[in-house]
Amino acid sequence: MSATIDDIRVTLNGEPHCVPYGCTLAGLITAIDLDVRKIAVERNREIVPRSTYADVTLAPGDTLEIVHFIGGG
Amino acid sequence: MDGHSPAADQWSVAGRRFDSRLIVGTGKYVDLPTTAAAIAASGAQIVTVAVRRVNLSDRNAPMLQDFVSPADYTYLPNTAGCFTAEDAVRTLRLAREAGGWNLVKLEVLGPAPTLYPDMPATFEAAKALIADGFDVMVYCADDPIAAKRLEEMGCVAIMPLGAPIGSGLGVQNPLMIQQIIEAAQVPVLVDAGVGTATDAAFAMELGCDAVLVNSAIAHAQDPVLMAAAMKAAVQAGRLAFRAGRMPRRTAANPSSPTTGLIR
């Protein structure tokens, strides 16, 4: 993703990622096309409740982990 | 009244009731359709799942939930891959947010080649999870003292290993598994080590409430057939336990009458 002056940099699942300034967590999840019903998000090591995704504005340097269920024993 | 139907012999964990005494893992299968078919054949109602990062480079990759629906099965999130109590707690908090369930499988492992349960770290994680409102089914060593302590802490099920994870060596320490069962007031499950149907039946004959199987099904040459075998084995083992086996004898005892023989 190419950076513009209005972009901020976050770390998403260990990789650098650019999002527009003012982007919310809900906006990011929509942009990367994930089904919110199947994921959980941690922001700077704090769980973000699903009901609050639209209220969380991403800040420069945020570290995000987005996880889901996979096969396991 | 005490019929042979599973419905007449339910078991419960943390207030949830189940007919099937076989819990299956969803890992190690060649693909998700095979996973779904094997799990359906197993008759399991609870499936273990792992929590991992979403693959952002291939977001069209098939997802477990599309093949094994949480609407059809009780998801039991695990802490596989966690080697510290902190990682285990963090993982299960994410699992709870992803799924909305608080019934979880705690496993904190030591390093390869044994991957043996790290009991000090398991105690630490169990304490934190119970304080945070989780119902913890705990993978543990085949150690009756540790098992009882986990129960006293508030774990809802005790799950000693039968043999090392993925080894398929069967129940290596039946005496201690039996001691754990006899002392426990919560369900005891053999988790890890089952290799084939006899191992599952044997665990149930010892008096386990249920058995957890993954590799033995996923790595069978025909996983769907082995899943059906495990279902039958768990049912057979349970029935045999309830029936109460005959006493062992060191000498033969004829099965046919010794009187009325023709002369």
# chains A, B, ... in the order shown; residues from 1 in each chain; ligands from 1
call {"tool": "closest_atom_pairs", "arguments": {"of": "chain B", "to": "chain A", "cutoff": "7 Å", "atoms": "only C-alpha atoms", "output": "Markdown table"}}
result
| residue | atom | partner | partner_atom | distance |
| --- | --- | --- | --- | --- |
| B:Gly25 | CA | A:Gly73 | CA | 4.0 |
| B:Thr26 | CA | A:Gly71 | CA | 4.3 |
| B:Gly27 | CA | A:Gly72 | CA | 3.8 |
| B:Thr48 | CA | A:Gly73 | CA | 5.5 |
| B:Val49 | CA | A:Gly72 | CA | 4.6 |
| B:Ala50 | CA | A:Gly72 | CA | 4.7 |
| B:Val51 | CA | A:Phe69 | CA | 4.8 |
| B:Arg52 | CA | A:Val67 | CA | 5.2 |
| B:Arg53 | CA | A:Val67 | CA | 4.1 |
| B:Val54 | CA | A:Val67 | CA | 5.0 |
| B:Leu64 | CA | A:Ile70 | CA | 5.6 |
| B:Leu94 | CA | A:Ala40 | CA | 5.7 |
| B:Glu97 | CA | A:Ala40 | CA | 5.6 |
| B:Ala98 | CA | A:Ala40 | CA | 4.4 |
| B:Asn214 | CA | A:Gly73 | CA | 5.6 |
call {"tool": "residues_around", "arguments": {"residues": "range 39-41 of chain B", "least_positions_apart": "3", "cutoff": "6 Å", "atoms": "only C-alpha atoms", "output": "PyMOL selection string"}}
result
chain B and resi 36+227-228
call {"tool": "write_last_selection", "arguments": {"atoms": "N, CA, C and O atoms", "output": "mmCIF file, in the first residue's frame"}}
result
data_model
loop_
_atom_site.group_PDB
_atom_site.id
_atom_site.type_symbol
_atom_site.label_atom_id
_atom_site.label_comp_id
_atom_site.auth_asym_id
_atom_site.auth_seq_id
_atom_site.Cartn_x
_atom_site.Cartn_y
_atom_site.Cartn_z
ATOM 1 N N ALA B 36 -14.235 -31.716 7.697
ATOM 2 C CA ALA B 36 -15.681 -31.678 7.939
ATOM 3 C C ALA B 36 -16.278 -33.081 7.881
ATOM 4 O O ALA B 36 -17.102 -33.454 8.728
ATOM 5 N N ALA B 227 -12.592 -42.031 11.929
ATOM 6 C CA ALA B 227 -13.486 -41.237 12.791
ATOM 7 C C ALA B 227 -14.673 -42.092 13.224
ATOM 8 O O ALA B 227 -15.080 -42.070 14.394
ATOM 9 N N ALA B 228 -15.207 -42.884 12.288
ATOM 10 C CA ALA B 228 -16.320 -43.785 12.623
ATOM 11 C C ALA B 228 -15.856 -44.859 13.606
ATOM 12 O O ALA B 228 -16.583 -45.237 14.532
#
call {"tool": "select_by_dssp", "arguments": {"residues": "range 53-139 of chain B", "states": "strand (DSSP E or B)", "output": "list in words"}}
result
Arg53, Thr74, Tyr75, Leu76, Pro77, Leu103, Val104, Lys105, Leu106, Leu109, Pro117, Asp135, Val136, Met137, Val138 and Tyr139 of chain B
call {"tool": "write_last_selection", "arguments": {"atoms": "N, CA, C and O atoms", "output": "PDB file, in the first residue's frame"}}
result
ATOM      1  N   ARG B  53      -3.270 -15.722  13.632  1.00  0.00           N
ATOM      2  CA  ARG B  53      -3.423 -14.524  12.828  1.00  0.00           C
ATOM      3  C   ARG B  53      -4.191 -14.828  11.536  1.00  0.00           C
ATOM      4  O   ARG B  53      -3.949 -15.863  10.904  1.00  0.00           O
ATOM      5  N   THR B  74     -19.774 -27.317  19.342  1.00  0.00           N
ATOM      6  CA  THR B  74     -19.226 -26.462  20.394  1.00  0.00           C
ATOM      7  C   THR B  74     -17.729 -26.311  20.137  1.00  0.00           C
ATOM      8  O   THR B  74     -16.995 -27.302  20.169  1.00  0.00           O
ATOM      9  N   TYR B  75     -17.311 -25.083  19.846  1.00  0.00           N
ATOM     10  CA  TYR B  75     -15.883 -24.820  19.640  1.00  0.00           C
ATOM     11  C   TYR B  75     -15.183 -24.769  20.995  1.00  0.00           C
ATOM     12  O   TYR B  75     -15.627 -24.064  21.899  1.00  0.00           O
ATOM     13  N   LEU B  76     -14.091 -25.510  21.082  1.00  0.00           N
ATOM     14  CA  LEU B  76     -13.272 -25.485  22.297  1.00  0.00           C
ATOM     15  C   LEU B  76     -11.907 -24.905  21.907  1.00  0.00           C
ATOM     16  O   LEU B  76     -11.033 -25.642  21.436  1.00  0.00           O
ATOM     17  N   PRO B  77     -11.734 -23.602  22.078  1.00  0.00           N
ATOM     18  CA  PRO B  77     -10.462 -22.994  21.666  1.00  0.00           C
ATOM     19  C   PRO B  77      -9.317 -23.492  22.546  1.00  0.00           C
ATOM     20  O   PRO B  77      -9.483 -23.638  23.761  1.00  0.00           O
ATOM     21  N   LEU B 103     -15.804 -21.493  27.448  1.00  0.00           N
ATOM     22  CA  LEU B 103     -15.301 -22.856  27.673  1.00  0.00           C
ATOM     23  C   LEU B 103     -14.049 -23.032  26.811  1.00  0.00           C
ATOM     24  O   LEU B 103     -14.119 -22.896  25.588  1.00  0.00           O
ATOM     25  N   VAL B 104     -12.930 -23.304  27.463  1.00  0.00           N
ATOM     26  CA  VAL B 104     -11.654 -23.325  26.734  1.00  0.00           C
ATOM     27  C   VAL B 104     -10.800 -24.513  27.158  1.00  0.00           C
ATOM     28  O   VAL B 104     -10.994 -25.090  28.232  1.00  0.00           O
ATOM     29  N   LYS B 105      -9.846 -24.851  26.291  1.00  0.00           N
ATOM     30  CA  LYS B 105      -8.861 -25.884  26.609  1.00  0.00           C
ATOM     31  C   LYS B 105      -7.510 -25.215  26.848  1.00  0.00           C
ATOM     32  O   LYS B 105      -6.945 -24.615  25.936  1.00  0.00           O
ATOM     33  N   LEU B 106      -7.040 -25.337  28.075  1.00  0.00           N
ATOM     34  CA  LEU B 106      -5.729 -24.775  28.411  1.00  0.00           C
ATOM     35  C   LEU B 106      -4.661 -25.843  28.247  1.00  0.00           C
ATOM     36  O   LEU B 106      -4.795 -26.941  28.790  1.00  0.00           O
ATOM     37  N   LEU B 109       2.734 -26.083  27.117  1.00  0.00           N
ATOM     38  CA  LEU B 109       3.646 -27.192  26.868  1.00  0.00           C
ATOM     39  C   LEU B 109       5.088 -26.809  27.103  1.00  0.00           C
ATOM     40  O   LEU B 109       5.482 -25.656  26.915  1.00  0.00           O
ATOM     41  N   PRO B 117       3.301 -31.444  29.372  1.00  0.00           N
ATOM     42  CA  PRO B 117       2.680 -30.283  30.009  1.00  0.00           C
ATOM     43  C   PRO B 117       3.635 -29.595  30.990  1.00  0.00           C
ATOM     44  O   PRO B 117       4.228 -30.262  31.836  1.00  0.00           O
ATOM     45  N   ASP B 135     -14.234 -21.029  31.796  1.00  0.00           N
ATOM     46  CA  ASP B 135     -14.402 -22.413  32.223  1.00  0.00           C
ATOM     47  C   ASP B 135     -13.252 -23.195  31.599  1.00  0.00           C
ATOM     48  O   ASP B 135     -13.212 -23.366  30.374  1.00  0.00           O
ATOM     49  N   VAL B 136     -12.341 -23.638  32.427  1.00  0.00           N
ATOM     50  CA  VAL B 136     -11.073 -24.175  31.936  1.00  0.00           C
ATOM     51  C   VAL B 136     -11.044 -25.696  31.973  1.00  0.00           C
ATOM     52  O   VAL B 136     -11.110 -26.307  33.042  1.00  0.00           O
ATOM     53  N   MET B 137     -10.945 -26.298  30.790  1.00  0.00           N
ATOM     54  CA  MET B 137     -10.644 -27.724  30.668  1.00  0.00           C
ATOM     55  C   MET B 137      -9.133 -27.786  30.481  1.00  0.00           C
ATOM     56  O   MET B 137      -8.594 -27.167  29.565  1.00  0.00           O
ATOM     57  N   VAL B 138      -8.458 -28.516  31.354  1.00  0.00           N
ATOM     58  CA  VAL B 138      -7.005 -28.358  31.405  1.00  0.00           C
ATOM     59  C   VAL B 138      -6.262 -29.632  31.032  1.00  0.00           C
ATOM     60  O   VAL B 138      -6.511 -30.708  31.579  1.00  0.00           O
ATOM     61  N   TYR B 139      -5.370 -29.482  30.068  1.00  0.00           N
ATOM     62  CA  TYR B 139      -4.444 -30.545  29.678  1.00  0.00           C
ATOM     63  C   TYR B 139      -3.341 -30.607  30.722  1.00  0.00           C
ATOM     64  O   TYR B 139      -2.804 -29.564  31.103  1.00  0.00           O
TER      65      TYR B 139
END
call {"tool": "residues_around", "arguments": {"residues": "Gly154 in chain B", "least_positions_apart": "2", "cutoff": "8 Å", "atoms": "only C-alpha atoms", "output": "VMD selection string"}}
result
chain B and resid 130 136 150 to 152 156
call {"tool": "write_last_selection", "arguments": {"atoms": "N, CA and C atoms", "output": "PDB file, in the first residue's frame"}}
result
ATOM      1  N   ILE B 130      -9.294 -18.621  35.300  1.00  0.00           N
ATOM      2  CA  ILE B 130     -10.459 -18.826  36.172  1.00  0.00           C
ATOM      3  C   ILE B 130     -10.877 -17.493  36.790  1.00  0.00           C
ATOM      4  N   VAL B 136     -12.341 -23.638  32.427  1.00  0.00           N
ATOM      5  CA  VAL B 136     -11.073 -24.175  31.936  1.00  0.00           C
ATOM      6  C   VAL B 136     -11.044 -25.696  31.973  1.00  0.00           C
ATOM      7  N   LEU B 150      -5.557 -28.880  40.355  1.00  0.00           N
ATOM      8  CA  LEU B 150      -6.218 -28.131  39.271  1.00  0.00           C
ATOM      9  C   LEU B 150      -7.728 -28.107  39.488  1.00  0.00           C
ATOM     10  N   GLU B 151      -8.265 -29.252  39.924  1.00  0.00           N
ATOM     11  CA  GLU B 151      -9.703 -29.318  40.219  1.00  0.00           C
ATOM     12  C   GLU B 151     -10.053 -28.367  41.362  1.00  0.00           C
ATOM     13  N   GLU B 152      -9.253 -28.383  42.407  1.00  0.00           N
ATOM     14  CA  GLU B 152      -9.524 -27.516  43.562  1.00  0.00           C
ATOM     15  C   GLU B 152      -9.427 -26.037  43.193  1.00  0.00           C
ATOM     16  N   VAL B 156     -12.762 -27.057  35.176  1.00  0.00           N
ATOM     17  CA  VAL B 156     -14.034 -27.765  34.995  1.00  0.00           C
ATOM     18  C   VAL B 156     -13.856 -29.168  34.432  1.00  0.00           C
TER      19      VAL B 156
END
call {"tool": "atom_distance", "arguments": {"atom1": "CA of Met226 in chain B", "atom2": "CA of Gly195 in chain B"}}
result
10.3 Å
call {"tool": "select_by_dssp", "arguments": {"residues": "chain A", "states": "alpha helix (DSSP H)", "output": "mmCIF file with all heavy atoms, in the first residue's frame"}}
result
data_model
loop_
_atom_site.group_PDB
_atom_site.id
_atom_site.type_symbol
_atom_site.label_atom_id
_atom_site.label_comp_id
_atom_site.auth_asym_id
_atom_site.auth_seq_id
_atom_site.Cartn_x
_atom_site.Cartn_y
_atom_site.Cartn_z
ATOM 1 N N LEU A 25 -11.018 1.361 13.280
ATOM 2 C CA LEU A 25 -10.779 -0.081 13.182
ATOM 3 C C LEU A 25 -11.818 -0.721 12.257
ATOM 4 O O LEU A 25 -11.485 -1.570 11.430
ATOM 5 C CB LEU A 25 -10.835 -0.692 14.584
ATOM 6 C CG LEU A 25 -10.455 -2.155 14.723
ATOM 7 C CD1 LEU A 25 -9.096 -2.450 14.105
ATOM 8 C CD2 LEU A 25 -10.467 -2.541 16.192
ATOM 9 N N ALA A 26 -13.058 -0.261 12.354
ATOM 10 C CA ALA A 26 -14.106 -0.783 11.467
ATOM 11 C C ALA A 26 -13.747 -0.505 10.009
ATOM 12 O O ALA A 26 -13.940 -1.360 9.134
ATOM 13 C CB ALA A 26 -15.452 -0.157 11.824
ATOM 14 N N GLY A 27 -13.200 0.697 9.759
ATOM 15 C CA GLY A 27 -12.805 1.061 8.395
ATOM 16 C C GLY A 27 -11.696 0.158 7.876
ATOM 17 O O GLY A 27 -11.727 -0.287 6.720
ATOM 18 N N LEU A 28 -10.725 -0.127 8.726
ATOM 19 C CA LEU A 28 -9.626 -1.014 8.327
ATOM 20 C C LEU A 28 -10.151 -2.409 8.007
ATOM 21 O O LEU A 28 -9.784 -3.019 6.997
ATOM 22 C CB LEU A 28 -8.584 -1.088 9.450
ATOM 23 C CG LEU A 28 -7.508 -2.164 9.280
ATOM 24 C CD1 LEU A 28 -6.618 -1.865 8.070
ATOM 25 C CD2 LEU A 28 -6.660 -2.296 10.544
ATOM 26 N N ILE A 29 -11.033 -2.923 8.873
ATOM 27 C CA ILE A 29 -11.545 -4.288 8.678
ATOM 28 C C ILE A 29 -12.337 -4.380 7.371
ATOM 29 O O ILE A 29 -12.224 -5.357 6.626
ATOM 30 C CB ILE A 29 -12.390 -4.718 9.901
ATOM 31 C CG1 ILE A 29 -11.463 -4.907 11.110
ATOM 32 C CG2 ILE A 29 -13.170 -5.987 9.624
ATOM 33 C CD1 ILE A 29 -12.173 -4.971 12.454
ATOM 34 N N THR A 30 -13.095 -3.327 7.076
ATOM 35 C CA THR A 30 -13.823 -3.294 5.806
ATOM 36 C C THR A 30 -12.846 -3.231 4.634
ATOM 37 O O THR A 30 -12.998 -3.936 3.634
ATOM 38 C CB THR A 30 -14.770 -2.072 5.771
ATOM 39 O OG1 THR A 30 -15.650 -2.173 6.887
ATOM 40 C CG2 THR A 30 -15.584 -2.023 4.482
ATOM 41 N N ALA A 31 -11.808 -2.390 4.777
ATOM 42 C CA ALA A 31 -10.842 -2.205 3.688
ATOM 43 C C ALA A 31 -10.108 -3.502 3.357
ATOM 44 O O ALA A 31 -9.787 -3.759 2.200
ATOM 45 C CB ALA A 31 -9.844 -1.110 4.062
#
